[in-house]
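Heads up: the structure comes next, in structure tokens.
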Amino acid sequence: MARVAIRGYSYCLSHTPELALHYGNTPYMERVSHGETEYLKKLARSMQSFDEACSYAPNQAFIGGIDLDTLAGQPAPMYQNRLEGASRFGRFGEIMPENEFLGLIDICDVFDIIWLEGSFAADVSRELEKHPLMNGKLMSRLEKGHDSSEIEKETEEHGALPLLCQGRVVGCCRKGHDFDESLSAHVLLENIASKAGSVLALLHLLKTTGLSPTDIDYVIECSEEAAGDMNQRGGGNFAKAVAEIAGCANASGFDVRSFCAGPVNAVIAGATQVASGARPNVVVLAGGAIPKLFMNSRDHVRKGIPPLEDCLGSFAVLLDADDGTCPVMRLDALGKHSVGAGASPQAITSALVYEPLQKIGLSFGDVDKFAAELQIPEITVPAGAGDVPAANFKMIAALAVMKGELKKEEMASFVESKGIPGFAHTQGHIPSGVPFIGHACEAIKAARYKRVMIIGKGSLFLARLTNLSDGASFLIEPSSGRSGEARGVTPEEVRGILLEALEDLSKELTG
Amino acid sequence: MGKLAGKKVLLLGERDGVAAPAMEESLKGCGADIVFSVTECFV
């Protein structure tokens, strides 16, 4: 049975309130439709500072600054009970401030799309010089900058989008073509920002794993952006573009898309390449989505809470051969939401949770933690979307009751013990299961968990191609302590083999 | 036929709740006229 090691992981946030205010889809559409309304004025006044973003407990949980038990113990609302002495750096990554992120966007720009104003570029250069992951090669890509008049002319006469930081214009994002909407400044800004987030996560992954960029063999990118031109709107390829900036000269790559189910599908795609021997290692990564910033801010402003959706998320996971030292993904129990599975919550949960467990002879109780959608409830509850992680855990518990594996009165304790608190921003693909991989692997290494399930679900219907949704899942377990195929058979595998044999026998007997 | 027989019905589904196709399925045969059905995602 194939297993693949999860060798490393990184998680980063980029605190970008000005990108959110101007190019997050909700405020952007409000401005286009109604001008500078009271909502937008209030939004601008109520944005979180960088220090506030760093001291928000769910953000610290995302970058590995605190563990999930600490997060669960934080008094609510956490935006009024902030952590003291929080650092921008955590075990898994960092929270990058907006000025540095704009500099990183420029570093990631290979077509002179991004222009920075000269004094801002100089300031950012000084800041990034101090960053532990920036090297001479990356810093040499940061431009010297342009005069303010050039930026003004580009935005007023040539369709460039102004880039702001702390209320002032510090640069612009230029369009890539006079007529091609796929290369408009808006699309390019989203794409380059997503690319920059991926680069940041990859740099952190290389640091935490101790690998050289040239050690990376393959990269799979799984954001929700589309890179292309008018003739091939989503042609790709983010993965290779990210690998190039990070110096991964021996890597190639491709992109995987499936809305929020993209990351779990991408991890499975990467793992199967490693397991087959096709690739010695694969990095799965994604940057964030500018349009989703401040998505629910209308409700946040109306209810007088801080607009918390001010961070772009990004992550990277390194997969390679199981050598007995790292937690492993099992490839014999992958959850799949097939075309004919049905759209009800029961059908989806059955396909993604029950069926893969049943296939290897396990029950709900054999999994220590389930991680489905992990959005921060303080973001979604005020907007009417409810506590999404809790809703998913309740569905899993309800299915366990229906399957006779749990008593109805045990549902609440099941949700409590098997669920985890939401700690990811509403960045679409980012919250979908994968933020838990880092915390889960740490707990597995510490022998606190013996098995977790990562679940991704995607809203395919938003693209108006199908009414279907998508989903995928996989299990993470401790390594056997021995490598790959040479290891022994676990009791669970014996149960699985016996069940399979009994099923075959039953089919034969019943004709 | 149920109490929705002859009624025009708008279905707004939610990705992490109940999707519109699932509601459509459950309303089959009740005589309701489903004039609009969509699933949205708010996260």
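Going by the structure tokens order, chains are called A, B, ..., each with residues numbered from 1, while ligands are numbered from 1 in the order shown.
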
message: Please check the contacts: residues of chain A at most 7 Å away from chain B, using only C-alpha atoms, listed as a PyMOL selection string.
response: chain A and resi 343-345+385+388+426+428+459

Among range 353-455 of chain A, which ones does DSSP assign to helix (DSSP H, G or I) (computed from the backbone)? Answer as an mmCIF file with C-alpha atoms, in the first residue's frame.
```cif
data_model
loop_
_atom_site.group_PDB
_atom_site.id
_atom_site.type_symbol
_atom_site.label_atom_id
_atom_site.label_comp_id
_atom_site.auth_asym_id
_atom_site.auth_seq_id
_atom_site.Cartn_x
_atom_site.Cartn_y
_atom_site.Cartn_z
ATOM 1 C CA VAL A 353 -15.523 10.578 4.934
ATOM 2 C CA TYR A 354 -17.432 7.315 5.357
ATOM 3 C CA GLU A 355 -16.559 5.516 2.121
ATOM 4 C CA PRO A 356 -12.752 5.923 2.284
ATOM 5 C CA LEU A 357 -12.769 4.804 5.929
ATOM 6 C CA GLN A 358 -14.981 1.839 5.157
ATOM 7 C CA LYS A 359 -12.714 0.848 2.284
ATOM 8 C CA PHE A 364 -15.338 7.348 12.369
ATOM 9 C CA GLY A 365 -13.918 6.722 15.819
ATOM 10 C CA ASP A 366 -10.571 5.648 14.355
ATOM 11 C CA PRO A 377 -16.000 31.790 12.650
ATOM 12 C CA GLU A 378 -15.614 35.422 13.762
ATOM 13 C CA ILE A 379 -15.514 36.290 10.066
ATOM 14 C CA THR A 380 -18.384 34.136 8.839
ATOM 15 C CA VAL A 388 -18.508 26.596 8.878
ATOM 16 C CA PRO A 389 -16.020 24.221 10.562
ATOM 17 C CA ALA A 390 -18.593 23.347 13.243
ATOM 18 C CA ALA A 391 -21.284 22.775 10.593
ATOM 19 C CA ASN A 392 -19.014 20.313 8.799
ATOM 20 C CA PHE A 393 -18.130 18.439 12.001
ATOM 21 C CA LYS A 394 -21.845 18.201 12.869
ATOM 22 C CA MET A 395 -22.523 16.669 9.463
ATOM 23 C CA ILE A 396 -19.782 14.093 10.020
ATOM 24 C CA ALA A 397 -21.210 13.318 13.470
ATOM 25 C CA ALA A 398 -24.727 13.026 12.046
ATOM 26 C CA LEU A 399 -23.509 10.596 9.417
ATOM 27 C CA ALA A 400 -21.757 8.551 12.098
ATOM 28 C CA VAL A 401 -25.121 8.323 13.912
ATOM 29 C CA MET A 402 -26.896 7.278 10.703
ATOM 30 C CA LYS A 408 -27.249 10.541 18.948
ATOM 31 C CA GLU A 409 -26.535 11.815 22.440
ATOM 32 C CA GLU A 410 -22.801 11.477 21.728
ATOM 33 C CA MET A 411 -22.868 13.896 18.797
ATOM 34 C CA ALA A 412 -21.861 16.969 20.784
ATOM 35 C CA SER A 413 -18.888 15.255 22.388
ATOM 36 C CA PHE A 414 -17.885 13.810 18.989
ATOM 37 C CA VAL A 415 -17.864 17.312 17.470
ATOM 38 C CA GLU A 416 -15.921 18.603 20.455
ATOM 39 C CA SER A 417 -13.275 15.896 20.380
ATOM 40 C CA LYS A 418 -12.920 15.317 16.634
ATOM 41 C CA PHE A 436 -4.419 21.663 9.343
ATOM 42 C CA ILE A 437 -1.628 19.620 7.725
ATOM 43 C CA GLY A 438 1.083 21.471 9.669
ATOM 44 C CA HIS A 439 -0.575 21.223 13.069
ATOM 45 C CA ALA A 440 -1.620 17.616 12.358
ATOM 46 C CA CYS A 441 1.887 16.520 11.406
ATOM 47 C CA GLU A 442 3.299 18.104 14.563
ATOM 48 C CA ALA A 443 0.719 16.296 16.713
ATOM 49 C CA ILE A 444 1.358 12.996 14.914
ATOM 50 C CA LYS A 445 5.104 13.366 15.431
#
```

Length of the CA of Ser432 in chain A to CA of Phe259 in chain A vector [Å]: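 For CA of Ser432 in chain A relative to CA of Phe259 in chain A, the distance reads 9.7 Å.
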
Considering only C-alpha atoms, return as a PDB file with C-alpha atoms, in the first residue's frame whatever protein or nucleic-acid residues lie within 6 Å of Glu221 in chain A, sequence-local ones (same chain, fewer than 2 positions apart) excluded.
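Result went into part-v3.pdb, see below:
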```pdb
ATOM      1  CA  ALA A 239       3.729  26.622 -10.646  1.00  0.00           C
ATOM      2  CA  ASP A 255      -1.479  23.915 -12.004  1.00  0.00           C
ATOM      3  CA  VAL A 284       2.147  21.662  -3.593  1.00  0.00           C
ATOM      4  CA  LEU A 285       1.493  25.353  -3.055  1.00  0.00           C
ATOM      5  CA  ALA A 286      -0.911  28.241  -3.547  1.00  0.00           C
TER       6      ALA A 286
END
```
